[in-house]
Structure formats: structure tokens, C-alpha cells
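Enquirer: So that we are looking at the same thing, I have put the structure below in C-alpha cells.
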Amino acid sequence: MLTVENLAVHFPSRRGTVKAVNDVSFSLDAGEILGLVGESGCGKSMTLLSLMGLVPYPGQIAGGKINFQGQNLLELSNSDLRRIRGRQIAMIFQDPLTTLNPVFKVGEQVAEALRVHQILEPEKKGLFSRSSSGAIKEEVLKLMQDVGIPAPEQRFDEYPHQFSGGMQQRAIIAIALSCRPQLLLADEPTTALDVTVQAQIMDLLRQINQREGTGIILVTHNLALAAEFCRRLAVMYAGELMELGPAEAVITEPLHPYTKGLLRSLPYLVPKGSPLTPIPGNVPDLAQLPAGCPFSPRCDVADHVCLEKEPPWVETVPDHAARCWRLT
């Protein structure tokens, strides 16, 4: 359904070109769930924004292809991309409080996508009759009920500030699902939610995937959550993909030193009584990346080749590969 090839997103700055996403390639089958994991600032959210055509100014997509159902999204006009955005590809943004408009009722915000994409009985000139407006409200109430918002008739006319954090996130999910997209981009959908609500949101996304066959790309910092929820994991660092493979294999038999370092620093994956081993050093400046592997300055097994040349992709077993000289 989706193939991303050598995607690059650059931001000009006084220090040089910031390579927020650098030569990223992956694919997604229909109905598959892919997890994008890595520390903050590694390019996960920017990758999703690129798929939506929402790279913020002054950033620009500097190269690559994004093939969605047989067409390259980067070659489409703005009007053609708007027809796809929200209808075929939808996104759950990270912070519902800043995503929802505080001066509009929640029900109207959920209904907006249905009106924009004319999902239910559009009349000539794109206008809706009273009957179609009633159909839209009925569909919105069903969506709100499907995502677990209680008393949808009452909540339809309430404002975002009257919703709890969990219900705000459910409203965002309802907006994303309103047009029944084939691809759902979830950018840390459980951020700032308590553990119980996190579990409810993830159960909801799993039900959507199983019921609708919706492909999902999940961005998260929680490796345990990603391993349980996703079929495959893509590990990002400094704007690049470091490792890609089945979720269980990436967690239990990681290939890249960066993935191993992430796992060693997680308390719930370290044997009881064993000390945590943090990754030494700092994330490199994306405007001044090292010549070789971007992780080489922090890697405990790097040699001179790692510092001088970009590593190749090495597939050790089918469907599990990493970008590392130590695997050659």
C-alpha cells in the first residue's frame, strides 16, 4: 500500500542544512502495523508529516519518493493532495489540546472532514441539504460512540475544554477515522495519558486495524508498547533508519548497536538487580552529521571504517536488516 524510498527532508539554517530526515526507506502492507521508535528529535514525527505533505516552513522534501497505492504523492498538486489527506491518509496528532480548536464544538470538528470530502450525499456546488446534514450528524454520533466517547448526543455540543485528556484523544481519533482512511498515522497517541487510558486507546486502534483493515504507522518512545502492538519495528536515529525488522526479532535479537543500547537503558527489560547502561555521549547536530555512521561517536564497537564511510544495509535473516559495518 505504501512505499517510501530515500526520503529526505531538509531545513535551511545559519549553521547549515539540517537533515531532519535523511535517506529513509520502508514499506507498509495493507492492514499492517509498523512502529517507528527512537529518541526525541530523530525524525519520527517529521517522517509522518512528510507523508501528509505537511512539512512546516521553511522545511522542504529534498528527495525521494512516497508511493501510495500506485501514485507518487510528491508529484501531486496541492489540490490533489488535499483530496487524499484526511480521506485516504489520516493522522492522529501528538497533542489533542493544541490540535482541537477551542472555539468550535467537538461534534462540528468531527463533522468537518465529512463535509470537506463530501462523504455523505453532496449536492451540486458542494453544498449539503438538511437531510445530508442530518446524515452527517448521525455519522458523527456513531463515530463518537465507536471511539468510546460516552453520551455522544450530549458531547456533540460540548467544547474541547469540557473533555478530559483521554476523551480529547478519542475525539482526535474520531476525526482521523471519519472518512475511513486506508492509512492511519498515529504520532504518539498516548502522550500525557495515564496508563489505563493508554491501554484503552491502544485497544481502540487495534480494533480499528482488525475491523477496517486500516494500515497504521505508530510513532512511540515506548518500546514495550511498540513490540506488543506492531508487526514490524523501524528504529530511527539522527534522521536515519538504523534497523528494520519483525517486532519480536528487533526486541529479542537486535542487530544494531543503537537498538541494543536503547534496550539496555530500559528498566523493564534489564534483569532485576542489574544496573542500567545509558548510551554515552549526545545526539549529533543534524546540521553537522559525522562523515560515517551517525551513531559512530557514541558506539562502543565502532572502528575507523564506521567513522569514515556510511554503512550499508545488511540483511542477516529474511526481513530483518540493519545499517551497520559490523554486520558485513
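In the C-alpha cells, chains take the letters A, B, ... in the order shown, each chain's residues start at 1, and ligands count up from 1 in the order shown.
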I'd like the contact shell of Ile217 in chain A - 7 Å cut-off, only C-alpha atoms, skipping same-chain residues fewer than 6 positions apart - returned as a list in words.

Expert: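 Using only C-alpha atoms, the neighbours found are Ile33, Leu34, Gly35, Leu184, Leu185 and Ala186 of chain A.
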
Enquirer: Take the selection from the previous step and output its residues with N, CA, C and O atoms, as a compact mmCIF listing (two decimals), in the first residue's frame.

Expert:
```
# COMPACT_ATOMS: atom_id res chain seq x y z
N ILE A 33 0.68 -3.03 10.79
CA ILE A 33 1.02 -2.01 11.78
C ILE A 33 2.54 -1.94 11.89
O ILE A 33 3.19 -2.93 12.23
N LEU A 34 3.09 -0.77 11.61
CA LEU A 34 4.54 -0.54 11.67
C LEU A 34 4.84 0.47 12.77
O LEU A 34 4.17 1.51 12.87
N GLY A 35 5.82 0.18 13.60
CA GLY A 35 6.22 1.09 14.65
C GLY A 35 7.49 1.85 14.30
O GLY A 35 8.45 1.24 13.83
N LEU A 184 -3.52 5.13 8.55
CA LEU A 184 -3.65 5.96 9.75
C LEU A 184 -2.26 6.19 10.34
O LEU A 184 -1.53 5.24 10.63
N LEU A 185 -1.87 7.46 10.49
CA LEU A 185 -0.58 7.83 11.06
C LEU A 185 -0.81 8.28 12.50
O LEU A 185 -1.49 9.28 12.73
N ALA A 186 -0.28 7.54 13.46
CA ALA A 186 -0.51 7.83 14.87
C ALA A 186 0.78 8.34 15.50
O ALA A 186 1.73 7.57 15.72
```

Enquirer: Please extract the residues of range 24-60 of chain A with a backbone DSSP assignment of strand (DSSP E) and present them as a list in words.

Expert: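 In range 24-60 of chain A, DSSP puts these residues in strand (DSSP E): Val24, Ser25, Phe26, Ser27, Leu28, Ile33, Leu34, Gly35, Leu36, Val37 and Gln60 of chain A.
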
Enquirer: Can you tell me which residues surround range 229-241 of chain A at a distance of at most 8 Å, considering only C-alpha atoms, apart from same-chain residues fewer than 2 positions away, and format the answer as a PDB file with N, CA and C atoms, in the first residue's frame?

Expert:
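Listing of part-v8.pdb after writing:
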```pdb
ATOM      1  N   LYS A  19      19.367  18.121   8.328  1.00  0.00           N
ATOM      2  CA  LYS A  19      18.800  16.940   7.675  1.00  0.00           C
ATOM      3  C   LYS A  19      17.892  16.221   8.671  1.00  0.00           C
ATOM      4  N   ALA A  20      16.654  16.681   8.749  1.00  0.00           N
ATOM      5  CA  ALA A  20      15.709  16.125   9.717  1.00  0.00           C
ATOM      6  C   ALA A  20      15.346  14.689   9.390  1.00  0.00           C
ATOM      7  N   VAL A  21      15.226  14.378   8.103  1.00  0.00           N
ATOM      8  CA  VAL A  21      15.016  13.009   7.623  1.00  0.00           C
ATOM      9  C   VAL A  21      16.027  12.787   6.506  1.00  0.00           C
ATOM     10  N   ASN A  22      16.776  11.697   6.608  1.00  0.00           N
ATOM     11  CA  ASN A  22      17.911  11.512   5.715  1.00  0.00           C
ATOM     12  C   ASN A  22      17.909  10.097   5.130  1.00  0.00           C
ATOM     13  N   ASP A  23      17.485   9.990   3.866  1.00  0.00           N
ATOM     14  CA  ASP A  23      17.575   8.731   3.120  1.00  0.00           C
ATOM     15  C   ASP A  23      16.804   7.598   3.810  1.00  0.00           C
ATOM     16  N   VAL A  24      15.539   7.842   4.119  1.00  0.00           N
ATOM     17  CA  VAL A  24      14.705   6.867   4.821  1.00  0.00           C
ATOM     18  C   VAL A  24      13.870   6.083   3.814  1.00  0.00           C
ATOM     19  N   SER A  25      13.892   4.763   3.941  1.00  0.00           N
ATOM     20  CA  SER A  25      13.113   3.884   3.055  1.00  0.00           C
ATOM     21  C   SER A  25      12.429   2.798   3.875  1.00  0.00           C
ATOM     22  N   GLU A  32      -1.303  -3.630   7.795  1.00  0.00           N
ATOM     23  CA  GLU A  32      -0.138  -3.871   8.650  1.00  0.00           C
ATOM     24  C   GLU A  32       0.034  -2.733   9.656  1.00  0.00           C
ATOM     25  N   ILE A  33       0.678  -3.026  10.788  1.00  0.00           N
ATOM     26  CA  ILE A  33       1.019  -2.009  11.783  1.00  0.00           C
ATOM     27  C   ILE A  33       2.537  -1.939  11.895  1.00  0.00           C
ATOM     28  N   LEU A  34       3.095  -0.769  11.611  1.00  0.00           N
ATOM     29  CA  LEU A  34       4.537  -0.538  11.666  1.00  0.00           C
ATOM     30  C   LEU A  34       4.839   0.469  12.767  1.00  0.00           C
ATOM     31  N   GLY A  35       5.823   0.180  13.595  1.00  0.00           N
ATOM     32  CA  GLY A  35       6.217   1.094  14.651  1.00  0.00           C
ATOM     33  C   GLY A  35       7.485   1.848  14.298  1.00  0.00           C
ATOM     34  N   LEU A  36       7.472   3.162  14.497  1.00  0.00           N
ATOM     35  CA  LEU A  36       8.670   3.999  14.358  1.00  0.00           C
ATOM     36  C   LEU A  36       9.132   4.382  15.752  1.00  0.00           C
ATOM     37  N   VAL A  37      10.320   3.931  16.152  1.00  0.00           N
ATOM     38  CA  VAL A  37      10.806   4.182  17.503  1.00  0.00           C
ATOM     39  C   VAL A  37      12.176   4.849  17.442  1.00  0.00           C
ATOM     40  N   GLY A  38      12.544   5.485  18.546  1.00  0.00           N
ATOM     41  CA  GLY A  38      13.812   6.200  18.639  1.00  0.00           C
ATOM     42  C   GLY A  38      13.663   7.376  19.579  1.00  0.00           C
ATOM     43  N   GLU A  39      14.796   7.959  19.971  1.00  0.00           N
ATOM     44  CA  GLU A  39      14.742   9.056  20.920  1.00  0.00           C
ATOM     45  C   GLU A  39      14.223  10.338  20.269  1.00  0.00           C
ATOM     46  N   GLY A  41      13.705  13.820  18.550  1.00  0.00           N
ATOM     47  CA  GLY A  41      14.495  14.547  17.572  1.00  0.00           C
ATOM     48  C   GLY A  41      15.125  13.696  16.493  1.00  0.00           C
ATOM     49  N   CYS A  42      14.737  12.409  16.417  1.00  0.00           N
ATOM     50  CA  CYS A  42      15.379  11.533  15.435  1.00  0.00           C
ATOM     51  C   CYS A  42      14.652  11.541  14.086  1.00  0.00           C
ATOM     52  N   GLY A  43      13.526  12.237  13.966  1.00  0.00           N
ATOM     53  CA  GLY A  43      12.859  12.362  12.677  1.00  0.00           C
ATOM     54  C   GLY A  43      11.580  11.567  12.517  1.00  0.00           C
ATOM     55  N   LYS A  44      11.082  10.975  13.601  1.00  0.00           N
ATOM     56  CA  LYS A  44       9.881  10.140  13.503  1.00  0.00           C
ATOM     57  C   LYS A  44       8.664  10.961  13.078  1.00  0.00           C
ATOM     58  N   MET A 202      -4.941   2.226  22.857  1.00  0.00           N
ATOM     59  CA  MET A 202      -4.265   1.231  22.025  1.00  0.00           C
ATOM     60  C   MET A 202      -5.208   0.085  21.660  1.00  0.00           C
ATOM     61  N   ARG A 206      -6.215  -1.030  17.841  1.00  0.00           N
ATOM     62  CA  ARG A 206      -6.124  -2.424  17.399  1.00  0.00           C
ATOM     63  C   ARG A 206      -7.463  -2.896  16.816  1.00  0.00           C
ATOM     64  N   LEU A 218       2.758   3.733  13.745  1.00  0.00           N
ATOM     65  CA  LEU A 218       2.724   4.229  15.124  1.00  0.00           C
ATOM     66  C   LEU A 218       4.084   4.787  15.509  1.00  0.00           C
ATOM     67  N   LEU A 225       5.483  -1.114  24.356  1.00  0.00           N
ATOM     68  CA  LEU A 225       4.196  -0.895  23.701  1.00  0.00           C
ATOM     69  C   LEU A 225       4.289  -1.216  22.213  1.00  0.00           C
ATOM     70  N   ALA A 226       5.369  -0.741  21.575  1.00  0.00           N
ATOM     71  CA  ALA A 226       5.547  -0.984  20.146  1.00  0.00           C
ATOM     72  C   ALA A 226       5.700  -2.465  19.845  1.00  0.00           C
ATOM     73  N   ALA A 227       6.437  -3.188  20.700  1.00  0.00           N
ATOM     74  CA  ALA A 227       6.648  -4.617  20.488  1.00  0.00           C
ATOM     75  C   ALA A 227       5.343  -5.393  20.591  1.00  0.00           C
ATOM     76  N   GLU A 243      17.597   0.258  11.902  1.00  0.00           N
ATOM     77  CA  GLU A 243      17.226  -1.155  11.897  1.00  0.00           C
ATOM     78  C   GLU A 243      15.754  -1.286  11.540  1.00  0.00           C
ATOM     79  N   LEU A 244      15.423  -2.376  10.837  1.00  0.00           N
ATOM     80  CA  LEU A 244      14.050  -2.629  10.422  1.00  0.00           C
ATOM     81  C   LEU A 244      13.830  -4.135  10.398  1.00  0.00           C
ATOM     82  N   GLY A 245      12.775  -4.574  11.103  1.00  0.00           N
ATOM     83  CA  GLY A 245      12.510  -5.999  11.118  1.00  0.00           C
ATOM     84  C   GLY A 245      11.276  -6.336  11.923  1.00  0.00           C
ATOM     85  N   PRO A 246      10.948  -7.633  12.031  1.00  0.00           N
ATOM     86  CA  PRO A 246       9.810  -8.048  12.855  1.00  0.00           C
ATOM     87  C   PRO A 246       9.984  -7.583  14.288  1.00  0.00           C
ATOM     88  N   ALA A 247       8.883  -7.167  14.914  1.00  0.00           N
ATOM     89  CA  ALA A 247       8.961  -6.570  16.253  1.00  0.00           C
ATOM     90  C   ALA A 247       9.642  -7.493  17.255  1.00  0.00           C
ATOM     91  N   VAL A 250      13.434  -7.666  16.596  1.00  0.00           N
ATOM     92  CA  VAL A 250      14.147  -6.432  16.943  1.00  0.00           C
ATOM     93  C   VAL A 250      14.336  -6.320  18.457  1.00  0.00           C
ATOM     94  N   THR A 259      20.134   0.038  18.700  1.00  0.00           N
ATOM     95  CA  THR A 259      18.976  -0.687  19.221  1.00  0.00           C
ATOM     96  C   THR A 259      19.330  -1.406  20.512  1.00  0.00           C
ATOM     97  N   VAL A 283      23.299  13.185  21.144  1.00  0.00           N
ATOM     98  CA  VAL A 283      22.822  13.078  19.764  1.00  0.00           C
ATOM     99  C   VAL A 283      23.565  14.093  18.906  1.00  0.00           C
ATOM    100  N   PRO A 284      24.024  13.716  17.710  1.00  0.00           N
ATOM    101  CA  PRO A 284      24.784  14.657  16.875  1.00  0.00           C
ATOM    102  C   PRO A 284      23.917  15.798  16.363  1.00  0.00           C
ATOM    103  N   LEU A 286      22.191  17.735  13.701  1.00  0.00           N
ATOM    104  CA  LEU A 286      21.694  17.313  12.393  1.00  0.00           C
ATOM    105  C   LEU A 286      22.176  18.210  11.262  1.00  0.00           C
ATOM    106  N   PRO A 294      26.113   7.850  11.657  1.00  0.00           N
ATOM    107  CA  PRO A 294      25.785   8.927  12.594  1.00  0.00           C
ATOM    108  C   PRO A 294      25.881   8.496  14.057  1.00  0.00           C
ATOM    109  N   PHE A 295      25.817   7.187  14.320  1.00  0.00           N
ATOM    110  CA  PHE A 295      25.897   6.697  15.695  1.00  0.00           C
ATOM    111  C   PHE A 295      27.336   6.387  16.115  1.00  0.00           C
ATOM    112  N   ARG A 323      21.655  -1.090   9.412  1.00  0.00           N
ATOM    113  CA  ARG A 323      22.680  -0.313   8.717  1.00  0.00           C
ATOM    114  C   ARG A 323      23.918  -0.258   9.610  1.00  0.00           C
TER     115      ARG A 323
END
```

Enquirer: CA of Pro152 in chain A to CA of Gly215 in chain A: how many Å, to one decimal?

Expert: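 Straight-line distance from CA of Pro152 in chain A to CA of Gly215 in chain A works out to 26.7 Å.
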
Enquirer: Report as JSON lines the residues of range 4-39 of chain A within 12 Å of range 50-71 of chain A, each with its shortest atom pair and distance in Å (one decimal), using only C-alpha atoms, ordered by chain and increasing residue number.

Expert:
```
{"residue": "A:Val4", "atom": "CA", "partner": "A:Ile66", "partner_atom": "CA", "distance": 4.7}
{"residue": "A:Glu5", "atom": "CA", "partner": "A:Lys65", "partner_atom": "CA", "distance": 5.1}
{"residue": "A:Asn6", "atom": "CA", "partner": "A:Gly64", "partner_atom": "CA", "distance": 4.6}
{"residue": "A:Leu7", "atom": "CA", "partner": "A:Gly64", "partner_atom": "CA", "distance": 4.2}
{"residue": "A:Ala8", "atom": "CA", "partner": "A:Gly63", "partner_atom": "CA", "distance": 5.1}
{"residue": "A:Val9", "atom": "CA", "partner": "A:Ile61", "partner_atom": "CA", "distance": 4.4}
{"residue": "A:His10", "atom": "CA", "partner": "A:Gly59", "partner_atom": "CA", "distance": 5.6}
{"residue": "A:Phe11", "atom": "CA", "partner": "A:Gly59", "partner_atom": "CA", "distance": 4.3}
{"residue": "A:Pro12", "atom": "CA", "partner": "A:Pro58", "partner_atom": "CA", "distance": 7.0}
{"residue": "A:Ser13", "atom": "CA", "partner": "A:Pro58", "partner_atom": "CA", "distance": 9.2}
{"residue": "A:Thr17", "atom": "CA", "partner": "A:Gly59", "partner_atom": "CA", "distance": 9.8}
{"residue": "A:Val18", "atom": "CA", "partner": "A:Gly59", "partner_atom": "CA", "distance": 9.0}
{"residue": "A:Lys19", "atom": "CA", "partner": "A:Ala62", "partner_atom": "CA", "distance": 9.4}
{"residue": "A:Ala20", "atom": "CA", "partner": "A:Gly59", "partner_atom": "CA", "distance": 8.9}
{"residue": "A:Val21", "atom": "CA", "partner": "A:Ile61", "partner_atom": "CA", "distance": 8.9}
{"residue": "A:Asn22", "atom": "CA", "partner": "A:Gly63", "partner_atom": "CA", "distance": 9.2}
{"residue": "A:Asp23", "atom": "CA", "partner": "A:Gly64", "partner_atom": "CA", "distance": 7.6}
{"residue": "A:Val24", "atom": "CA", "partner": "A:Gly64", "partner_atom": "CA", "distance": 8.4}
{"residue": "A:Ser25", "atom": "CA", "partner": "A:Gly64", "partner_atom": "CA", "distance": 8.7}
{"residue": "A:Phe26", "atom": "CA", "partner": "A:Ile66", "partner_atom": "CA", "distance": 9.8}
{"residue": "A:Ser27", "atom": "CA", "partner": "A:Asn67", "partner_atom": "CA", "distance": 9.3}
{"residue": "A:Leu28", "atom": "CA", "partner": "A:Phe68", "partner_atom": "CA", "distance": 9.6}
{"residue": "A:Asp29", "atom": "CA", "partner": "A:Gln69", "partner_atom": "CA", "distance": 10.2}
{"residue": "A:Ala30", "atom": "CA", "partner": "A:Gln69", "partner_atom": "CA", "distance": 9.7}
```
